[in-house]
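Report on the structure given below.
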There are 2 protein chains.
Amino acid sequence: MNNTTLAKELDLNPATVLEMVRKLAVKKLVQILSDKSIRLTEKGEKKALLIIRKHRLWEVFLTEKLQYNWNEVHVLAEQLEHIESVDLVDRLDAFLKFPTVDPHGDPIPDKNGNLKIKTTISLDKALIKKNYTIVNLADTNDIFLQYLGELKIKPGIKLKLLNRNEYDATVSVIISKKTLQLSNKVAKNILLELVN
Amino acid sequence: MNNTTLAKELDLNPATVLEMVRKLAVKKLVQILSDKSIRLTEKGEKKALLIIRKHRLWEVFLTEKLQYNWNEVHVLAEQLEHIESVDLVDRLDAFLKFPTVDPHGDPIPDKNGNLKIKTTISLDKALIKKNYTIVNLADTNDIFLQYLGELKIKPGIKLKLLNRNEYDATVSVIISKKTLQLSNKVAKNILLELVN
DNA sequence: ATTTTTTATTTGGTTAACCAAATTTTTAAA
DNA sequence: TTTAAAAATTTGGTTAACCAAATAAAAAAT
Ligand SMILES: [Mn+2]
Ligand SMILES: [Mn+2]
Ligand SMILES: [Mn+2]
Ligand SMILES: [Mn+2]
């Protein structure tokens, strides 16, 4: 990761990012390599994973317990992830019965920061006539998620890929007996796992 | 409320407090009266009550759902109360089945900021031989709460006042068949309601 | 009515997180 | 290799929240 991209991603001035990165380097959370690219240190990674853990557990809480739609939880979790207390997140984890993935199918790091990433294929590259389980969604965009929500597409749902249009790569899939068409853009963001 | 007391309470420099109060006045959240004392405006009160509502609901959540001891929840709630979202707190409220008091017996303002305050007597002023229900605790001090926790004293519990020592105002009470002695300092912080 | 004490306010600073506009360095093209 | 483009860095500022010390005003005591 380099400075400018980071700055763009964070929507901050590169000068600001540089300043912050240097502070993080002093705290040994990031390392500035000889080619000026930025890496998380072990310590930084631990801290980042804890935040991801909190974020995703809160997302589970919000959907499962407070009945939020999965497309609404991200923004709220962005606030909740900054609540300081390791104990709290562990208790939340227990309360939620130790979920392994968040509502979008993203894996939840455990207490020690271990996270098991499944290898997936995106729907736009899946094989015709095969059965898949949706495991994850690659975009957090609210409109995208709402659209999928309306079609009842979410992690855990099974689907069969019927065919892929040669002209625009639109895919036809069967989901719970119904056939539907999905654009290439959508297909790219639906990540699948082959059914045994 | 005057400036210096506020500053002491917040553990801030009076200059800082003055500056902040003026900013709040611009936002019409407080009013600086002619005698320089500070008042919340209607608007400010609303905002404050919402924060109290959030604080107390999170306290309930932490004790009821995450099994926290009631003496541990205050600090955590102090963070959680700043999560921005009216909707979230209303859902939390529903999830918790609309509790009317927090774990310390403090009333929880409803959606519209209404809160019903019970009139109570503190144990140090209660009448001998009468039966009371504990409704509230007047101190948030962790050691105090932990001490009461060990004695199984908490809101909802019934007690009978046996007598009050004339010399040091220590009280003897019966709580679930057992007699115990409580110092005047403790008694002052236990708020009661007469049983019918 | 003075004097003393307390409280409020002003003034001059600091630090953290930002930014815009140079300037320098690096990388990619020609 | 030069030159052009992109990325990194420096420099000089801003704003929000703070504080300490000085001064002014108000309240309390004498
Ligand atoms: Mn998210
Ligand atoms: Mn997610
Ligand atoms: Mn509290
Ligand atoms: Mn409380």
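Simple scheme: letters A, B, ... for chains in structure tokens order, numbers from 1 for residues in each chain, numbers from 1 for ligands in the order shown.
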Near DA21 of chain C, within 12 Å and counting only C-alpha atoms (C1' of nucleotides), which residues show up once chain neighbours fewer than 6 positions away are dropped, as a VMD selection string?
(chain A and resid 15) or (chain D and resid 10 to 13)
Identify all chain C residues at most 9 Å from chain B by counting only C-alpha atoms (C1' of nucleotides); ligands do not count. Present them as a short mmCIF file (atom, residue, chain, number, x, y, z; two decimals) with all heavy atoms, in the first residue's frame.
```
data_model
loop_
_atom_site.label_atom_id
_atom_site.label_comp_id
_atom_site.auth_asym_id
_atom_site.auth_seq_id
_atom_site.Cartn_x
_atom_site.Cartn_y
_atom_site.Cartn_z
P DT C 7 -16.06 30.04 44.72
OP1 DT C 7 -17.32 29.36 45.09
OP2 DT C 7 -14.80 29.28 44.54
"O5'" DT C 7 -16.31 30.88 43.38
"C5'" DT C 7 -17.32 31.88 43.36
"C4'" DT C 7 -17.29 32.57 42.00
"O4'" DT C 7 -16.20 33.50 41.93
"C3'" DT C 7 -17.13 31.62 40.82
"O3'" DT C 7 -18.22 31.88 39.95
"C2'" DT C 7 -15.76 31.96 40.25
"C1'" DT C 7 -15.62 33.42 40.65
N1 DT C 7 -14.21 33.95 40.79
C2 DT C 7 -13.90 35.19 40.25
O2 DT C 7 -14.69 35.89 39.65
N3 DT C 7 -12.60 35.59 40.44
C4 DT C 7 -11.60 34.90 41.09
O4 DT C 7 -10.48 35.37 41.19
C5 DT C 7 -12.00 33.61 41.63
C7 DT C 7 -10.99 32.77 42.33
C6 DT C 7 -13.26 33.20 41.46
P DA C 8 -18.32 31.37 38.45
OP1 DA C 8 -19.75 31.28 38.11
OP2 DA C 8 -17.42 30.22 38.29
"O5'" DA C 8 -17.70 32.60 37.64
"C5'" DA C 8 -18.37 33.85 37.68
"C4'" DA C 8 -17.80 34.76 36.61
"O4'" DA C 8 -16.43 35.12 36.93
"C3'" DA C 8 -17.76 34.14 35.22
"O3'" DA C 8 -18.28 35.12 34.33
"C2'" DA C 8 -16.28 33.82 34.99
"C1'" DA C 8 -15.57 34.85 35.84
N9 DA C 8 -14.30 34.45 36.44
C8 DA C 8 -14.04 33.31 37.16
N7 DA C 8 -12.81 33.23 37.62
C5 DA C 8 -12.22 34.40 37.18
C6 DA C 8 -10.92 34.92 37.34
N6 DA C 8 -9.95 34.31 38.02
N1 DA C 8 -10.65 36.11 36.77
C2 DA C 8 -11.62 36.74 36.10
N3 DA C 8 -12.88 36.35 35.88
C4 DA C 8 -13.12 35.17 36.45
P DT C 9 -18.29 34.92 32.76
OP1 DT C 9 -19.31 35.84 32.19
OP2 DT C 9 -18.33 33.48 32.46
"O5'" DT C 9 -16.88 35.50 32.35
"C5'" DT C 9 -16.59 36.86 32.68
"C4'" DT C 9 -15.26 37.25 32.09
"O4'" DT C 9 -14.18 36.68 32.87
"C3'" DT C 9 -15.05 36.77 30.65
"O3'" DT C 9 -14.84 37.93 29.87
"C2'" DT C 9 -13.85 35.83 30.73
"C1'" DT C 9 -13.15 36.31 31.99
N1 DT C 9 -12.35 35.30 32.74
C2 DT C 9 -11.05 35.61 33.09
O2 DT C 9 -10.52 36.66 32.81
N3 DT C 9 -10.39 34.63 33.79
C4 DT C 9 -10.89 33.41 34.17
O4 DT C 9 -10.20 32.62 34.81
C5 DT C 9 -12.25 33.14 33.77
C7 DT C 9 -12.89 31.83 34.12
C6 DT C 9 -12.91 34.08 33.08
#
```
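Atom CA of Ile52 of chain A is positioned 28.0 Å from atom CA of Lys125 of chain A.
Using only C-alpha atoms, the chain A residues found within 8 Å of chain B amount to A:Lys65, A:Leu66, A:Leu76, A:Gln79, A:Leu80, A:Ile83, A:Glu84, A:Ser85, A:Arg91, A:Leu92, A:Phe95.
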At a cut-off of 8 Å and counting only C-alpha atoms (C1' of nucleotides) and all ligand atoms, what residues surround ligand 2? Please answer as an MDAnalysis selection string.
chainID A and resid 55:56 59 73:74 102:106 140
Can those selected residues be exported to a file as a compact mmCIF listing (two decimals), in the first residue's frame so that it contains N, CA, C and O atoms?
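That gives us result_14.txt:
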```txt
# COMPACT_ATOMS: atom_id res chain seq x y z
N HIS A 55 -16.07 -5.08 14.69
CA HIS A 55 -16.98 -4.63 13.63
C HIS A 55 -17.95 -5.73 13.22
O HIS A 55 -19.16 -5.53 13.19
N ARG A 56 -17.40 -6.88 12.94
CA ARG A 56 -18.24 -7.95 12.41
C ARG A 56 -19.16 -8.54 13.46
O ARG A 56 -20.31 -8.90 13.16
N GLU A 59 -21.99 -6.27 13.78
CA GLU A 59 -22.88 -6.43 12.63
C GLU A 59 -23.81 -7.62 12.85
O GLU A 59 -25.01 -7.54 12.57
N VAL A 73 -26.25 -2.28 8.55
CA VAL A 73 -25.42 -2.46 9.74
C VAL A 73 -23.99 -1.91 9.66
O VAL A 73 -23.40 -1.57 10.67
N HIS A 74 -23.49 -1.80 8.44
CA HIS A 74 -22.08 -1.41 8.32
C HIS A 74 -21.76 -0.07 8.97
O HIS A 74 -20.81 0.05 9.73
N ASP A 102 -19.85 -12.81 9.46
CA ASP A 102 -20.78 -11.70 9.67
C ASP A 102 -21.91 -11.79 8.65
O ASP A 102 -21.93 -12.70 7.84
N PRO A 103 -22.87 -10.88 8.71
CA PRO A 103 -24.04 -10.99 7.82
C PRO A 103 -23.70 -10.97 6.33
O PRO A 103 -24.49 -11.42 5.51
N HIS A 104 -22.53 -10.43 6.01
CA HIS A 104 -22.15 -10.39 4.60
C HIS A 104 -21.29 -11.58 4.20
O HIS A 104 -20.81 -11.66 3.08
N GLY A 105 -21.09 -12.47 5.17
CA GLY A 105 -20.29 -13.67 4.88
C GLY A 105 -18.81 -13.49 5.15
O GLY A 105 -18.02 -14.40 4.91
N ASP A 106 -18.43 -12.34 5.68
CA ASP A 106 -17.01 -12.14 5.98
C ASP A 106 -16.66 -12.84 7.28
O ASP A 106 -17.40 -12.78 8.25
N THR A 140 -19.71 -3.57 -0.28
CA THR A 140 -20.51 -3.14 0.88
C THR A 140 -21.54 -2.11 0.48
O THR A 140 -22.34 -1.69 1.31
```
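Residues of chain B having any atom within 10 Å of chain D, counting only C-alpha atoms (C1' of nucleotides), are B:Leu12, B:Asn13, B:Pro14, B:Ala15, B:Thr16, B:Val17, B:Glu19, B:Met20, B:Asp35.
Interatomic distance, atom CA of Thr41 of chain B to atom CA of Glu81 of chain B: 20.6 Å.
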From the DSSP assignment of the backbone, select every residue of segment 35-173 of chain B that is alpha helix (DSSP H), and format the answer as JSON, numbers by chain.
{"B": [42, 43, 44, 45, 46, 47, 48, 49, 50, 51, 52, 53, 54, 55, 56, 57, 58, 59, 60, 61, 62, 63, 64, 73, 74, 75, 76, 77, 78, 79, 80, 86, 87, 88, 89, 90, 91, 92, 93, 94, 95, 142, 143, 144, 145, 146, 147, 148, 149, 150]}
Enumerate as a ChimeraX atom specification all residues of segment 18-179 of chain B assigned to strand (DSSP E or B) by DSSP on the backbone, naming them with the chain letters and numbers the document uses.
/B:30-32,38-40,101,107,121-122,131-137,158-164,171-175,178-179
What separation in Å, quoted to one decimal, exists between atom CA of Ile175 of chain B and atom CA of Gly156 of chain B?
11.5 Å
Skipping near chain neighbours, those fewer than 3 positions away, what residues fall within 6 Å of Ser37 of chain A using only C-alpha atoms (C1' of nucleotides), listed as a PyMOL selection string?
chain A and resi 1-2+32-33
Within 6 Å of segment 110-124 of chain A using only C-alpha atoms (C1' of nucleotides), minus same-chain residues under 2 positions, as a ChimeraX atom specification
/A:49,126,187-188,190-193
Give me, as a ChimeraX atom specification, all polymer residues having an atom no more than 12 Å from Val30 of chain B, counting only C-alpha atoms (C1' of nucleotides) and skipping those fewer than 5 positions away in the same chain.
/B:1,18,20-25,36-48
